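A.B. asks: File upload_6.cif below, mmCIF, C-alpha atoms:
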```cif
data_work
#
loop_
_atom_site.label_atom_id
_atom_site.label_comp_id
_atom_site.auth_asym_id
_atom_site.auth_seq_id
_atom_site.Cartn_x
_atom_site.Cartn_y
_atom_site.Cartn_z
CA GLN A 1 71.65 99.63 94.90
CA VAL A 2 74.91 97.80 95.44
CA GLN A 3 75.67 95.52 98.36
CA LEU A 4 79.23 94.92 99.53
CA VAL A 5 80.02 91.93 101.72
CA GLU A 6 83.45 91.63 103.29
CA SER A 7 85.02 88.50 104.68
CA GLY A 8 88.36 87.24 105.90
CA GLY A 9 88.97 89.28 109.01
CA GLY A 10 90.17 87.75 112.25
CA LEU A 11 92.82 87.57 114.92
CA VAL A 12 96.42 87.00 113.86
CA GLN A 13 99.83 87.34 115.45
CA PRO A 14 102.37 89.99 114.44
CA GLY A 15 104.19 89.03 111.27
CA GLU A 16 101.38 86.86 109.98
CA SER A 17 99.26 87.36 106.88
CA LEU A 18 95.56 87.71 106.19
CA ARG A 19 93.46 88.04 103.05
CA LEU A 20 90.28 90.07 102.93
CA SER A 21 87.62 89.70 100.26
CA CYS A 22 84.76 91.97 99.29
CA ALA A 23 82.05 90.83 96.90
CA ALA A 24 79.73 93.36 95.25
CA SER A 25 76.24 92.46 94.13
CA GLY A 26 73.04 94.18 93.07
CA SER A 27 72.34 96.63 90.27
CA ILE A 28 75.91 97.03 89.12
CA PHE A 29 76.62 99.21 86.12
CA ARG A 30 80.39 99.47 86.32
CA LEU A 31 82.65 99.56 89.34
CA TYR A 32 85.39 101.83 88.06
CA VAL A 33 87.15 102.02 91.40
CA MET A 34 87.17 99.76 94.43
CA ALA A 35 89.03 100.41 97.64
CA TRP A 36 89.77 99.34 101.17
CA TYR A 37 89.59 101.72 104.11
CA ARG A 38 90.22 101.08 107.78
CA GLN A 39 89.15 102.72 110.99
CA VAL A 40 90.33 102.53 114.55
CA LEU A 41 87.80 103.44 117.22
CA GLY A 42 87.99 107.16 117.89
CA LYS A 43 89.98 107.92 114.76
CA GLN A 44 89.09 108.94 111.21
CA ARG A 45 88.58 106.32 108.56
CA GLU A 46 91.66 106.17 106.35
CA LEU A 47 92.28 104.92 102.83
CA VAL A 48 94.42 101.78 102.75
CA ALA A 49 94.48 100.85 99.07
CA ILE A 50 92.57 101.60 95.89
CA ILE A 51 92.34 99.91 92.49
CA SER A 52 90.79 100.96 89.20
CA ASP A 53 88.95 98.63 86.87
CA ASN A 54 92.06 98.40 84.66
CA GLY A 55 94.29 97.46 87.57
CA VAL A 56 95.97 100.73 88.52
CA THR A 57 96.65 100.72 92.26
CA ASN A 58 97.66 103.12 94.98
CA TYR A 59 98.49 102.52 98.63
CA ALA A 60 98.81 104.37 101.89
CA ASP A 61 102.46 104.84 102.79
CA SER A 62 101.96 102.80 105.95
CA VAL A 63 101.10 99.63 104.01
CA LYS A 64 103.25 99.94 100.88
CA GLY A 65 105.28 96.80 100.32
CA ARG A 66 103.14 94.79 102.77
CA PHE A 67 99.60 94.94 101.37
CA THR A 68 98.42 94.10 97.87
CA ILE A 69 95.04 95.03 96.46
CA SER A 70 93.63 93.09 93.52
CA ARG A 71 90.27 92.50 91.90
CA ASP A 72 88.34 90.04 89.80
CA ASN A 73 86.10 92.09 87.54
CA ALA A 74 84.14 89.06 86.39
CA LYS A 75 83.18 88.39 90.01
CA ASN A 76 82.91 92.06 91.08
CA THR A 77 85.22 91.18 93.92
CA VAL A 78 88.16 93.03 95.43
CA TYR A 79 90.82 91.50 97.64
CA LEU A 80 93.36 92.79 100.11
CA GLN A 81 96.33 90.56 100.80
CA MET A 82 97.98 91.73 104.01
CA SER A 83 101.42 90.53 105.01
CA SER A 84 103.86 91.31 107.82
CA LEU A 85 100.99 92.52 109.94
CA THR A 86 101.70 94.61 113.01
CA PRO A 87 99.49 95.70 115.92
CA ASP A 88 99.18 99.10 114.19
CA ASP A 89 97.18 97.36 111.46
CA THR A 90 94.45 96.48 113.95
CA ALA A 91 91.24 98.12 112.76
CA VAL A 92 87.88 97.54 111.16
CA TYR A 93 88.45 97.24 107.42
CA TYR A 94 85.79 98.53 105.05
CA CYS A 95 85.27 97.92 101.37
CA TRP A 96 84.19 100.89 99.23
CA THR A 97 83.08 101.44 95.68
CA GLN A 98 81.10 103.76 93.45
CA ASN A 99 78.36 102.87 91.01
CA ARG A 100 76.37 105.31 88.87
CA GLY A 101 77.71 108.19 90.96
CA TYR A 102 76.75 106.72 94.32
CA ALA A 103 79.23 105.54 96.94
CA TYR A 104 78.75 102.28 98.81
CA TRP A 105 80.36 100.83 101.91
CA GLY A 106 80.55 97.33 103.25
CA GLN A 107 79.66 96.51 106.83
CA GLY A 108 83.28 96.15 107.86
CA THR A 109 85.41 93.26 109.05
CA GLN A 110 87.57 93.33 112.15
CA VAL A 111 91.29 92.66 111.85
CA THR A 112 93.15 92.27 115.12
CA VAL A 113 96.91 91.79 115.26
CA SER A 114 98.05 90.73 118.70
CA SER A 115 100.38 88.29 120.36
#
```
Render the structure in this file as structure tokens.
C.D. replies:
Amino acid sequence: QVQLVESGGGLVQPGESLRLSCAASGSIFRLYVMAWYRQVLGKQRELVAIISDNGVTNYADSVKGRFTISRDNAKNTVYLQMSSLTPDDTAVYYCWTQNRGYAYWGQGTQVTVSS
């Protein structure tokens, strides 16, 4: 079992920045891939950014150039630096990973962008 705990969500104004963190713990073999998803109530969960254990990244078109995903393998932690936030970024953000063939989700952290 792997537990994922997110932190860093909150309420910010448009144009501001926010940094999310997700720490993995438990019976970790190797977290090849870690990712951030987000979900707006009533809509499908969507992939925001993904990073491999050797640092290869990919982003949703809607966040390219504004969000940066990174990870600290020694700490089994993934980060999402979000800049130039807009109200369209308002969502619950979820951390995701796979370990030994099983997928794991965090509990989610709310990000609200509003003036």
A.B. asks: Hey, could you make a per-residue contact list for stretch 72-97 of chain A against stretch 26-45 of chain A with 10 Å as the cut-off, showing the nearest pair of atoms and its distance in Å to one decimal, counting all atoms listed in the file, sorted by chain and number, as JSON lines?
C.D. replies:
```
{"residue": "A:Asn73", "atom": "CA", "partner": "A:Leu31", "partner_atom": "CA", "distance": 8.4}
{"residue": "A:Asn76", "atom": "CA", "partner": "A:Leu31", "partner_atom": "CA", "distance": 7.7}
{"residue": "A:Thr77", "atom": "CA", "partner": "A:Met34", "partner_atom": "CA", "distance": 8.8}
{"residue": "A:Val78", "atom": "CA", "partner": "A:Met34", "partner_atom": "CA", "distance": 6.9}
{"residue": "A:Tyr79", "atom": "CA", "partner": "A:Trp36", "partner_atom": "CA", "distance": 8.7}
{"residue": "A:Leu80", "atom": "CA", "partner": "A:Trp36", "partner_atom": "CA", "distance": 7.5}
{"residue": "A:Asp88", "atom": "CA", "partner": "A:Val40", "partner_atom": "CA", "distance": 9.5}
{"residue": "A:Asp89", "atom": "CA", "partner": "A:Arg38", "partner_atom": "CA", "distance": 8.7}
{"residue": "A:Thr90", "atom": "CA", "partner": "A:Val40", "partner_atom": "CA", "distance": 7.3}
{"residue": "A:Ala91", "atom": "CA", "partner": "A:Val40", "partner_atom": "CA", "distance": 4.8}
{"residue": "A:Val92", "atom": "CA", "partner": "A:Gln39", "partner_atom": "CA", "distance": 5.3}
{"residue": "A:Tyr93", "atom": "CA", "partner": "A:Arg38", "partner_atom": "CA", "distance": 4.2}
{"residue": "A:Tyr94", "atom": "CA", "partner": "A:Tyr37", "partner_atom": "CA", "distance": 5.0}
{"residue": "A:Cys95", "atom": "CA", "partner": "A:Trp36", "partner_atom": "CA", "distance": 4.7}
{"residue": "A:Trp96", "atom": "CA", "partner": "A:Ala35", "partner_atom": "CA", "distance": 5.1}
{"residue": "A:Thr97", "atom": "CA", "partner": "A:Met34", "partner_atom": "CA", "distance": 4.6}
```
A.B. asks: Identify all residues satisfying the PyMOL selection byres ((chain A and resi 109) around 7) in the given file; provide them as a PyMOL selection string.
C.D. replies: chain A and resi 6-7+9+92-94+107-108+110-111
A.B. asks: Quick one: residues within 12 Å of (94.7, 94.8, 95.4) (file frame), counting only C-alpha atoms, please, as a PDB file with C-alpha atoms, keeping the file's coordinate frame.
C.D. replies:
```
ATOM      1  CA  ARG A  19      93.460  88.040 103.050  1.00  0.00           C
ATOM      2  CA  LEU A  20      90.280  90.070 102.930  1.00  0.00           C
ATOM      3  CA  SER A  21      87.620  89.700 100.260  1.00  0.00           C
ATOM      4  CA  CYS A  22      84.760  91.970  99.290  1.00  0.00           C
ATOM      5  CA  VAL A  33      87.150 102.020  91.400  1.00  0.00           C
ATOM      6  CA  MET A  34      87.170  99.760  94.430  1.00  0.00           C
ATOM      7  CA  ALA A  35      89.030 100.410  97.640  1.00  0.00           C
ATOM      8  CA  TRP A  36      89.770  99.340 101.170  1.00  0.00           C
ATOM      9  CA  VAL A  48      94.420 101.780 102.750  1.00  0.00           C
ATOM     10  CA  ALA A  49      94.480 100.850  99.070  1.00  0.00           C
ATOM     11  CA  ILE A  50      92.570 101.600  95.890  1.00  0.00           C
ATOM     12  CA  ILE A  51      92.340  99.910  92.490  1.00  0.00           C
ATOM     13  CA  SER A  52      90.790 100.960  89.200  1.00  0.00           C
ATOM     14  CA  ASP A  53      88.950  98.630  86.870  1.00  0.00           C
ATOM     15  CA  ASN A  54      92.060  98.400  84.660  1.00  0.00           C
ATOM     16  CA  GLY A  55      94.290  97.460  87.570  1.00  0.00           C
ATOM     17  CA  VAL A  56      95.970 100.730  88.520  1.00  0.00           C
ATOM     18  CA  THR A  57      96.650 100.720  92.260  1.00  0.00           C
ATOM     19  CA  ASN A  58      97.660 103.120  94.980  1.00  0.00           C
ATOM     20  CA  TYR A  59      98.490 102.520  98.630  1.00  0.00           C
ATOM     21  CA  VAL A  63     101.100  99.630 104.010  1.00  0.00           C
ATOM     22  CA  LYS A  64     103.250  99.940 100.880  1.00  0.00           C
ATOM     23  CA  GLY A  65     105.280  96.800 100.320  1.00  0.00           C
ATOM     24  CA  ARG A  66     103.140  94.790 102.770  1.00  0.00           C
ATOM     25  CA  PHE A  67      99.600  94.940 101.370  1.00  0.00           C
ATOM     26  CA  THR A  68      98.420  94.100  97.870  1.00  0.00           C
ATOM     27  CA  ILE A  69      95.040  95.030  96.460  1.00  0.00           C
ATOM     28  CA  SER A  70      93.630  93.090  93.520  1.00  0.00           C
ATOM     29  CA  ARG A  71      90.270  92.500  91.900  1.00  0.00           C
ATOM     30  CA  ASP A  72      88.340  90.040  89.800  1.00  0.00           C
ATOM     31  CA  ASN A  73      86.100  92.090  87.540  1.00  0.00           C
ATOM     32  CA  THR A  77      85.220  91.180  93.920  1.00  0.00           C
ATOM     33  CA  VAL A  78      88.160  93.030  95.430  1.00  0.00           C
ATOM     34  CA  TYR A  79      90.820  91.500  97.640  1.00  0.00           C
ATOM     35  CA  LEU A  80      93.360  92.790 100.110  1.00  0.00           C
ATOM     36  CA  GLN A  81      96.330  90.560 100.800  1.00  0.00           C
ATOM     37  CA  MET A  82      97.980  91.730 104.010  1.00  0.00           C
ATOM     38  CA  CYS A  95      85.270  97.920 101.370  1.00  0.00           C
TER      39      CYS A  95
END
```
A.B. asks: Box for stretch 30-41 of chain A: with edges along x, y and z, all listed atoms inside and 6 Å added on each side, what are the centre and edge lengths in Å to one decimal, as AutoDock Vina command-line options?
C.D. replies:
```
--center_x 85.4 --center_y 101.4 --center_z 101.8 --size_x 21.9 --size_y 16.1 --size_z 42.9
```
A.B. asks: Residues picked by the PyMOL selection byres ((chain A and resi 86) around 7) here, as a list in words?
C.D. replies: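 Output from the PyMOL selection byres ((chain A and resi 86) around 7), applied to this file: Pro14, Gly15, Ser84, Leu85, Pro87, Asp88, Asp89 and Val113 of chain A.
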A.B. asks: So the first atom is atom CA of A:Leu11 and the second is atom CA of A:Ala103; what is the distance between them in Å, to one decimal place?
C.D. replies: 28.8 Å
A.B. asks: Work out how far apart atom CA of A:Asp61 and atom CA of A:Lys75 are and give it in Å to one decimal.
C.D. replies: 28.4 Å
A.B. asks: Would you mind reading off the distance between atom CA of A:Gly10 and atom CA of A:Leu47, one decimal, in Å?
C.D. replies: 19.7 Å
A.B. asks: Spell out the residues picked by the PyMOL selection byres ((chain A and resi 24) around 6) here, as a list in words.
C.D. replies: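 The output of the PyMOL selection byres ((chain A and resi 24) around 6) on this file is Gln3, Leu4, Ala23, Ser25 and Asn76 of chain A.
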A.B. asks: For A:Val5, which residue out of A:Ser62, A:Ser17, A:Ser114, A:Gly106 is the nearest one, using only C-alpha atoms?
C.D. replies: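 That would be A:Gly106, the residue with the smallest distance to A:Val5.
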